[in-house]
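Okay, so here's the structure we're looking at.
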Amino acid sequence: MTLATPTAGATPDSTDIAANTRVVQRICPLCEACCGLSLTVSGNGAQARVIAIRGDDQDVFSHGYLCPKAIALKDLEDDPDRLRQPLVKRDGRFVEASWDEAYAEIARRLPPLVAEHGRDALAFTLGNPNVHRLGLGLYVQRALRAAGSRNVFSASTLDQMPRQLASGWMYGHPLTVPVPDIDRCDFLLMLGANPMASNGSMWTVPDFRGRARAMRARGGQLVVIDPRRTETAGIADEHHFIRPGTDVFLLLGLLNVLFDEGLVQPGRLAEFLASGDTGIDALQAAVAPYGPERMAERCGVPAAAQRALARRLAAAPRAAVYSRIGSSTQRFGTLNSVLVDALNILTGHLDREGGAMFPHAAAFAANTQGKPGIGRGLATGRTRSRVSGAPEVLGEYPTSCLAEEIETEGPGRIRALISVASNPVLSAPNGARIAQALRGLDFMVSVDIYVNETTQHADVILPGLSTFEEPHYDVSFPQLSCRNHARYSPPVFAARPGAQSEWQSLLRIAAMLRGEPDAGKPGFDLAAFDERLLVDDLRRLAAGVPDESQSAMLDALGATPGPERLLDLALRAGPHGDRFGQKPGGLSLAALKAAPHGVDLGALEPRLPEILRTPSGRIELWPAPVAAELAAVDAALREPPPDLVVVGRRDVRSNNSWMHNLPTLAKGPERCTALLHPADAARHGVQAGDRVRLQGTGGRSIELPATLSDEMMPGVVSVPHGWGHDQSGTRLGVAAQRPGANLNDLLDDRLRDPLSGTSVLNGVPVTLSRCAQG
């Protein structure tokens, strides 16, 4: 374990470099790269301002790298549209309210509604900022437990749920996710991913360009398979087009080659693999009918290329296959994720230096807790959604089921909603239907910093602190990082007088839902309530430890309520922790505070069989629910490919829809365009700059300007996600100037991966026409 300290000649932390100016360190919370920043702060107290942002050269993980989003943190701090006071709707219009008034309104309306109609009458929607903010990530769980509702919906079913479900079935926990050990890799095969724009996704990898360049400099190779020659494909050694939605055919073809040509060589992994219906023999029999010659016609990747890729993967001493959102948001998203891991396993590249490895997070990782090597595994479908019968996965239902659960009368209908940093009206298919459904709710609360396309329908909006006023530790992303580390950021500024953080709002709502006396009244003792919940957490974690020792542990965590105590507990009890003094030199919150550039915990190391939490204590290579999907694969093989399909597109400046309201990220050329191959444009009579109309199979359409490029595969049009800021009732001044068009308006909310509930967002058929110009 290495603590980074200032080097000779470096600018000391929090030291004046000019009159009334100081430099502090901060982790960027805007994407999965989690880059370390150095902020130059001018002034003190209420006059303190961030005047410059740069990469922290001494950060143990990102080493000075940053992208344009980090610079925009200042825009977010200063954004006049960002809410700083609660809003309560009176006679159909939002008015500013005090915190006491806002909580009183929630207490007056929400608990009685739940008492009358049952706990499932309340639903939650959770957006991805919940995993980017410490308080949100930890305290939303308290609110969910207090609510006891099965109606939970999140961005997971618009993104990564197939990856998590595959990990849960194969290894026993949904966050036991193998990531490429890129710093020691020789051959990286990538499908449906663009880390040059995303900075990694379900793979925390700051400065992907620099790491890929280093890999190539030592003789390694990067191969990208994507229907677009993306920014990542542009720096790759090799790029292959693939028809959107057909990754499953390519992956089956690659696996077929491994068996057909005798290239299966799991090595040490063989002793950890299950046998029988979920083992290698079952997988070999399953993929036997899917030779690359048969798969090539449907996926568009030639059979010879498939065979060559499989051989190179098998021959490479250190290699990994990695797939992401393009492969997840398909009809066979979960099957794709399992097949990717199967490729890594059968070639011996899982849990091996330079291959696909499992990070060892310092805190909050379930696969570092409990008995190693065996567990309960992952069960799904414990309940089913009321209308469509969609199975529960990881405690939630598909976001595409939200509208129908509000619209459809009967016992269990959703009547109230709490949205937490979530904007499904823009981010989910058929957002117009969701918006209409939200209008029919009896009550809605939003924990959010903007009046956006979703929160405009709320009765109460509770804003949080700015990112500079909050402490920060990444709860999830060290579990997905390309190198083990632990980093903490204290607040840059003191919170504004009277302001409250999201964790306080969520905890207050949790108290109301638990029936705590006076939870909605002024003077409620939130600190005492937080203390009781912390004691419960400690008792669960320290089961079997004498009461007097537990009391000493509680005292060591301090008396200040909030997420920092939960973080300190998780660090100390974690695999690198100080065990409350039993392991001198181990991690604690105090240790991280003393290391402003972070603590380096070393390169990824093999973790099998310790990380397994399956009932068998083995890797379930071919889970039964996935095996049953092959009947649907055969049916899809018989279908002719559509004439034109749409896929999404990501830009490094546009990770989330609310980033379109930040001037630093919004400036520059228009990004919301339909990207077409010139041949497709010519056959539709379209020229560059023309406005075109795209229409989905459900009849809904969008209009936007066309951009032509041979970086697109013929037969595919690309539209970026997160746009469509032209709805009345929102307060997003910068975004409204160039609203763009919402890709999700084209998509069918009934189409999803039936295993994970994830919406089909890529490879959806569309028709294209040129709009009347002028």
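Note on naming: chains are A, B, ... as they come in the structure tokens, residues start from 1 per chain, ligands start from 1 in the order shown.
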Among region 321-568 of chain A, which ones does DSSP place in alpha helix (DSSP H), written as an MDAnalysis selection string? chainID A and resid 325:328 333:346 402:407 424:427 431:439 502:513 526:541 547:556 563:568
Within 10 Å of region 621-640 of chain A, which residues of region 216-324 of chain A show up? Give each one with its shortest atom-to-atom distance in Å (one decimal) and the two atoms involved, counting only C-alpha atoms, rows by chain then rising residue number, as JSON lines.
{"residue": "A:Thr246", "atom": "CA", "partner": "A:Ala636", "partner_atom": "CA", "distance": 9.2}
{"residue": "A:Val248", "atom": "CA", "partner": "A:Val633", "partner_atom": "CA", "distance": 8.0}
{"residue": "A:Phe249", "atom": "CA", "partner": "A:Val633", "partner_atom": "CA", "distance": 8.2}
{"residue": "A:Phe272", "atom": "CA", "partner": "A:Leu621", "partner_atom": "CA", "distance": 10.0}
{"residue": "A:Leu273", "atom": "CA", "partner": "A:Leu621", "partner_atom": "CA", "distance": 6.8}
{"residue": "A:Ala274", "atom": "CA", "partner": "A:Leu621", "partner_atom": "CA", "distance": 6.9}
{"residue": "A:Ser275", "atom": "CA", "partner": "A:Leu621", "partner_atom": "CA", "distance": 8.7}
{"residue": "A:Gly276", "atom": "CA", "partner": "A:Trp622", "partner_atom": "CA", "distance": 9.6}
{"residue": "A:Asp277", "atom": "CA", "partner": "A:Trp622", "partner_atom": "CA", "distance": 7.3}
{"residue": "A:Thr278", "atom": "CA", "partner": "A:Trp622", "partner_atom": "CA", "distance": 4.3}
{"residue": "A:Gly279", "atom": "CA", "partner": "A:Leu621", "partner_atom": "CA", "distance": 5.5}
{"residue": "A:Ile280", "atom": "CA", "partner": "A:Leu621", "partner_atom": "CA", "distance": 7.0}
{"residue": "A:Asp281", "atom": "CA", "partner": "A:Trp622", "partner_atom": "CA", "distance": 9.6}
{"residue": "A:Ala282", "atom": "CA", "partner": "A:Trp622", "partner_atom": "CA", "distance": 7.2}
{"residue": "A:Leu283", "atom": "CA", "partner": "A:Trp622", "partner_atom": "CA", "distance": 6.1}
{"residue": "A:Gln284", "atom": "CA", "partner": "A:Trp622", "partner_atom": "CA", "distance": 9.9}
{"residue": "A:Ala286", "atom": "CA", "partner": "A:Ala627", "partner_atom": "CA", "distance": 7.6}
{"residue": "A:Val287", "atom": "CA", "partner": "A:Leu630", "partner_atom": "CA", "distance": 9.2}
{"residue": "A:Pro289", "atom": "CA", "partner": "A:Asp634", "partner_atom": "CA", "distance": 9.8}
{"residue": "A:Tyr290", "atom": "CA", "partner": "A:Asp634", "partner_atom": "CA", "distance": 9.5}
{"residue": "A:Arg294", "atom": "CA", "partner": "A:Leu637", "partner_atom": "CA", "distance": 9.3}
{"residue": "A:Met295", "atom": "CA", "partner": "A:Leu637", "partner_atom": "CA", "distance": 8.3}
{"residue": "A:Glu297", "atom": "CA", "partner": "A:Leu637", "partner_atom": "CA", "distance": 9.5}
{"residue": "A:Arg298", "atom": "CA", "partner": "A:Leu637", "partner_atom": "CA", "distance": 6.9}
{"residue": "A:Cys299", "atom": "CA", "partner": "A:Leu637", "partner_atom": "CA", "distance": 9.5}
Using N, CA, C and O atoms, can you write the selected residues to a file as an mmCIF file, in the first residue's frame?
data_model
loop_
_atom_site.group_PDB
_atom_site.id
_atom_site.type_symbol
_atom_site.label_atom_id
_atom_site.label_comp_id
_atom_site.auth_asym_id
_atom_site.auth_seq_id
_atom_site.Cartn_x
_atom_site.Cartn_y
_atom_site.Cartn_z
ATOM 1 N N THR A 246 -26.421 -7.698 -33.367
ATOM 2 C CA THR A 246 -26.036 -9.061 -33.761
ATOM 3 C C THR A 246 -24.760 -9.541 -33.075
ATOM 4 O O THR A 246 -24.149 -10.506 -33.516
ATOM 5 N N VAL A 248 -24.447 -11.256 -30.550
ATOM 6 C CA VAL A 248 -24.610 -12.637 -30.103
ATOM 7 C C VAL A 248 -24.137 -13.619 -31.175
ATOM 8 O O VAL A 248 -23.531 -14.652 -30.852
ATOM 9 N N PHE A 249 -24.362 -13.313 -32.447
ATOM 10 C CA PHE A 249 -23.955 -14.218 -33.514
ATOM 11 C C PHE A 249 -22.434 -14.248 -33.658
ATOM 12 O O PHE A 249 -21.836 -15.307 -33.841
ATOM 13 N N PHE A 272 -11.857 -24.415 -11.184
ATOM 14 C CA PHE A 272 -12.887 -23.567 -10.587
ATOM 15 C C PHE A 272 -14.201 -23.610 -11.358
ATOM 16 O O PHE A 272 -15.146 -22.901 -10.992
ATOM 17 N N LEU A 273 -14.272 -24.370 -12.424
ATOM 18 C CA LEU A 273 -15.462 -24.392 -13.263
ATOM 19 C C LEU A 273 -16.447 -25.453 -12.807
ATOM 20 O O LEU A 273 -16.067 -26.574 -12.453
ATOM 21 N N ALA A 274 -17.727 -25.089 -12.830
ATOM 22 C CA ALA A 274 -18.776 -26.058 -12.548
ATOM 23 C C ALA A 274 -18.807 -27.095 -13.659
ATOM 24 O O ALA A 274 -18.289 -26.885 -14.760
ATOM 25 N N SER A 275 -19.427 -28.212 -13.376
ATOM 26 C CA SER A 275 -19.550 -29.279 -14.368
ATOM 27 C C SER A 275 -21.027 -29.485 -14.697
ATOM 28 O O SER A 275 -21.894 -28.766 -14.214
ATOM 29 N N GLY A 276 -21.299 -30.469 -15.506
ATOM 30 C CA GLY A 276 -22.680 -30.787 -15.826
ATOM 31 C C GLY A 276 -23.324 -29.758 -16.731
ATOM 32 O O GLY A 276 -22.682 -29.234 -17.654
ATOM 33 N N ASP A 277 -24.567 -29.409 -16.447
ATOM 34 C CA ASP A 277 -25.355 -28.538 -17.335
ATOM 35 C C ASP A 277 -24.832 -27.116 -17.402
ATOM 36 O O ASP A 277 -25.215 -26.364 -18.307
ATOM 37 N N THR A 278 -23.983 -26.720 -16.459
ATOM 38 C CA THR A 278 -23.463 -25.349 -16.478
ATOM 39 C C THR A 278 -21.957 -25.309 -16.758
ATOM 40 O O THR A 278 -21.317 -24.275 -16.547
ATOM 41 N N GLY A 279 -21.391 -26.403 -17.239
ATOM 42 C CA GLY A 279 -19.953 -26.481 -17.444
ATOM 43 C C GLY A 279 -19.530 -26.414 -18.903
ATOM 44 O O GLY A 279 -20.318 -26.101 -19.802
ATOM 45 N N ILE A 280 -18.253 -26.716 -19.141
ATOM 46 C CA ILE A 280 -17.662 -26.596 -20.472
ATOM 47 C C ILE A 280 -18.341 -27.519 -21.476
ATOM 48 O O ILE A 280 -18.629 -27.103 -22.616
ATOM 49 N N ASP A 281 -18.615 -28.743 -21.105
ATOM 50 C CA ASP A 281 -19.212 -29.677 -22.063
ATOM 51 C C ASP A 281 -20.576 -29.184 -22.528
ATOM 52 O O ASP A 281 -20.923 -29.302 -23.715
ATOM 53 N N ALA A 282 -21.349 -28.626 -21.594
ATOM 54 C CA ALA A 282 -22.666 -28.099 -21.968
ATOM 55 C C ALA A 282 -22.523 -26.918 -22.913
ATOM 56 O O ALA A 282 -23.282 -26.778 -23.895
ATOM 57 N N LEU A 283 -21.545 -26.059 -22.658
ATOM 58 C CA LEU A 283 -21.332 -24.908 -23.539
ATOM 59 C C LEU A 283 -20.866 -25.368 -24.912
ATOM 60 O O LEU A 283 -21.309 -24.832 -25.941
ATOM 61 N N GLN A 284 -19.988 -26.338 -24.966
ATOM 62 C CA GLN A 284 -19.509 -26.839 -26.261
ATOM 63 C C GLN A 284 -20.669 -27.368 -27.105
ATOM 64 O O GLN A 284 -20.773 -27.070 -28.302
ATOM 65 N N ALA A 286 -23.747 -26.490 -26.836
ATOM 66 C CA ALA A 286 -24.653 -25.391 -27.158
ATOM 67 C C ALA A 286 -24.173 -24.589 -28.355
ATOM 68 O O ALA A 286 -24.980 -24.163 -29.199
ATOM 69 N N VAL A 287 -22.865 -24.342 -28.486
ATOM 70 C CA VAL A 287 -22.360 -23.475 -29.554
ATOM 71 C C VAL A 287 -22.019 -24.247 -30.822
ATOM 72 O O VAL A 287 -21.682 -23.637 -31.843
ATOM 73 N N PRO A 289 -23.767 -25.611 -33.201
ATOM 74 C CA PRO A 289 -24.451 -25.279 -34.465
ATOM 75 C C PRO A 289 -24.099 -23.904 -35.041
ATOM 76 O O PRO A 289 -24.559 -23.571 -36.143
ATOM 77 N N TYR A 290 -23.291 -23.107 -34.324
ATOM 78 C CA TYR A 290 -23.130 -21.701 -34.697
ATOM 79 C C TYR A 290 -21.734 -21.421 -35.252
ATOM 80 O O TYR A 290 -20.988 -20.583 -34.749
ATOM 81 N N ARG A 294 -21.819 -19.678 -40.836
ATOM 82 C CA ARG A 294 -23.261 -19.439 -40.698
ATOM 83 C C ARG A 294 -23.539 -18.078 -40.063
ATOM 84 O O ARG A 294 -24.492 -17.381 -40.436
ATOM 85 N N MET A 295 -22.706 -17.663 -39.110
ATOM 86 C CA MET A 295 -22.927 -16.411 -38.385
ATOM 87 C C MET A 295 -22.574 -15.178 -39.217
ATOM 88 O O MET A 295 -23.127 -14.106 -39.014
ATOM 89 N N GLU A 297 -23.084 -14.143 -42.271
ATOM 90 C CA GLU A 297 -24.110 -13.482 -43.080
ATOM 91 C C GLU A 297 -25.010 -12.595 -42.242
ATOM 92 O O GLU A 297 -25.440 -11.537 -42.690
ATOM 93 N N ARG A 298 -25.263 -13.022 -41.011
ATOM 94 C CA ARG A 298 -26.189 -12.246 -40.169
ATOM 95 C C ARG A 298 -25.513 -11.096 -39.442
ATOM 96 O O ARG A 298 -26.081 -10.023 -39.288
ATOM 97 N N CYS A 299 -24.266 -11.287 -38.970
ATOM 98 C CA CYS A 299 -23.624 -10.232 -38.187
ATOM 99 C C CYS A 299 -22.770 -9.290 -39.024
ATOM 100 O O CYS A 299 -22.448 -8.185 -38.582
#
Restricting the calculation to only C-alpha atoms: of A:Arg331, A:His132, A:Arg145, A:Arg243, which residue gets closest to Asp753 (chain A)? A:Arg331
What lies within 12 Å of region 108-118 of chain A using only C-alpha atoms, ignoring chain neighbours under 4 positions off, as a VMD selection string? chain A and resid 100 to 104 122 to 123 146 to 151 410 to 418 441 to 445 459 to 460 509 to 521
So that I have them on file, write out the residues from the current selection with C-alpha atoms, as a PDB file, in the first residue's frame.
ATOM      1  CA  ASP A 100     -39.474  22.889   7.024  1.00  0.00           C
ATOM      2  CA  GLU A 101     -42.293  23.702   4.596  1.00  0.00           C
ATOM      3  CA  ALA A 102     -41.063  21.151   2.067  1.00  0.00           C
ATOM      4  CA  TYR A 103     -40.760  18.367   4.639  1.00  0.00           C
ATOM      5  CA  ALA A 104     -44.141  19.262   6.098  1.00  0.00           C
ATOM      6  CA  LEU A 122     -44.919   4.217  -3.763  1.00  0.00           C
ATOM      7  CA  ALA A 123     -42.209   3.833  -6.406  1.00  0.00           C
ATOM      8  CA  ALA A 146     -37.733   2.191   4.853  1.00  0.00           C
ATOM      9  CA  ALA A 147     -40.212   2.284   1.962  1.00  0.00           C
ATOM     10  CA  GLY A 148     -40.381  -1.491   1.561  1.00  0.00           C
ATOM     11  CA  SER A 149     -41.781  -1.127  -1.947  1.00  0.00           C
ATOM     12  CA  ARG A 150     -40.985  -3.574  -4.717  1.00  0.00           C
ATOM     13  CA  ASN A 151     -41.525  -0.833  -7.305  1.00  0.00           C
ATOM     14  CA  GLY A 410     -56.112  -1.978  -9.740  1.00  0.00           C
ATOM     15  CA  PRO A 411     -54.524  -3.033  -6.452  1.00  0.00           C
ATOM     16  CA  GLY A 412     -50.838  -2.157  -6.317  1.00  0.00           C
ATOM     17  CA  ARG A 413     -51.050   0.707  -8.815  1.00  0.00           C
ATOM     18  CA  ILE A 414     -48.250   3.232  -8.365  1.00  0.00           C
ATOM     19  CA  ARG A 415     -49.763   6.422  -6.977  1.00  0.00           C
ATOM     20  CA  ALA A 416     -46.674   8.194  -5.619  1.00  0.00           C
ATOM     21  CA  LEU A 417     -43.124   8.485  -6.876  1.00  0.00           C
ATOM     22  CA  ILE A 418     -39.793   9.580  -5.468  1.00  0.00           C
ATOM     23  CA  LEU A 441     -49.722  10.533  -9.920  1.00  0.00           C
ATOM     24  CA  ASP A 442     -51.290  11.564  -6.631  1.00  0.00           C
ATOM     25  CA  PHE A 443     -47.957  12.798  -5.309  1.00  0.00           C
ATOM     26  CA  MET A 444     -44.344  13.062  -6.481  1.00  0.00           C
ATOM     27  CA  VAL A 445     -41.119  14.095  -4.785  1.00  0.00           C
ATOM     28  CA  ASP A 459     -45.026  18.331  -6.170  1.00  0.00           C
ATOM     29  CA  VAL A 460     -41.855  18.879  -4.134  1.00  0.00           C
ATOM     30  CA  ILE A 509     -37.982  10.720   4.021  1.00  0.00           C
ATOM     31  CA  ALA A 510     -36.842   7.360   5.392  1.00  0.00           C
ATOM     32  CA  ALA A 511     -37.839   8.498   8.878  1.00  0.00           C
ATOM     33  CA  MET A 512     -41.286   9.483   7.635  1.00  0.00           C
ATOM     34  CA  LEU A 513     -41.766   6.141   5.894  1.00  0.00           C
ATOM     35  CA  ARG A 514     -40.709   4.289   9.040  1.00  0.00           C
ATOM     36  CA  GLY A 515     -43.299   6.176  11.031  1.00  0.00           C
ATOM     37  CA  GLU A 516     -40.819   8.047  13.215  1.00  0.00           C
ATOM     38  CA  PRO A 517     -42.719  10.500  15.434  1.00  0.00           C
ATOM     39  CA  ASP A 518     -42.469  14.114  14.295  1.00  0.00           C
ATOM     40  CA  ALA A 519     -40.269  13.198  11.313  1.00  0.00           C
ATOM     41  CA  GLY A 520     -41.970  15.861   9.218  1.00  0.00           C
ATOM     42  CA  LYS A 521     -41.864  18.578  11.857  1.00  0.00           C
TER      43      LYS A 521
END
Neighbouring residues of Tyr322 (chain A) were defined as those with any atom within 9 Å, considering only C-alpha atoms; residues of the same chain fewer than 6 positions away were excluded. Please report them as a PDB file with C-alpha atoms, in the first residue's frame.
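That gives us out37.pdb:
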ATOM      1  CA  PRO A 178     -13.944  -8.696 -14.554  1.00  0.00           C
ATOM      2  CA  VAL A 179     -12.231  -5.714 -16.195  1.00  0.00           C
ATOM      3  CA  PRO A 180      -9.313  -5.620 -18.636  1.00  0.00           C
ATOM      4  CA  LEU A 188      -7.621  -6.340 -26.241  1.00  0.00           C
ATOM      5  CA  LEU A 189     -10.757  -7.204 -28.200  1.00  0.00           C
ATOM      6  CA  MET A 190     -13.548  -4.678 -27.636  1.00  0.00           C
ATOM      7  CA  LEU A 191     -17.233  -4.826 -28.645  1.00  0.00           C
ATOM      8  CA  GLY A 192     -19.842  -2.072 -28.358  1.00  0.00           C
ATOM      9  CA  ALA A 193     -17.580   0.153 -26.258  1.00  0.00           C
ATOM     10  CA  VAL A 340     -17.798 -12.524 -23.468  1.00  0.00           C
ATOM     11  CA  ASP A 341     -16.753 -13.989 -20.130  1.00  0.00           C
ATOM     12  CA  ALA A 356      -9.792  -9.826 -17.433  1.00  0.00           C
TER      13      ALA A 356
END
Residue neighbourhood Asp159 (chain A), 12 Å, only C-alpha atoms, exclusion window fewer than 4 positions, as an MDAnalysis selection string: chainID A and resid 127:128 154:155 163:165 201:202 324:330 333:334 398:399 427:428 648 721 752:753 756:762
List the neighbours of Ala735 (chain A) out to 7 Å using only C-alpha atoms; skip same-chain residues closer than 5 positions along the sequence, and give me the result as number ranges by chain. A: 660-661, 725
If we count only C-alpha atoms, what is near His472 (chain A) at a cut-off of 6 Å, once residues fewer than 5 positions away on the same chain are taken out, given as JSON, numbers by chain? {"A": [134, 488, 489]}
Write the residues of the preceding selection, restricted to N, CA and C atoms, as a compact mmCIF listing (two decimals), in the first residue's frame.
# COMPACT_ATOMS: atom_id res chain seq x y z
N LEU A 134 -21.39 10.35 -2.91
CA LEU A 134 -21.27 9.50 -1.73
C LEU A 134 -22.57 9.45 -0.93
N TYR A 488 -10.16 9.87 -1.24
CA TYR A 488 -11.23 10.60 -0.58
C TYR A 488 -11.02 12.09 -0.81
N SER A 489 -12.14 12.82 -0.97
CA SER A 489 -12.08 14.28 -1.11
C SER A 489 -12.95 14.92 -0.03
Quick check for you: according to DSSP on this backbone, which residues of region 207-332 of chain A are classed as strand (DSSP E)? Reply as an MDAnalysis selection string. chainID A and resid 221:225 238:240 319:323
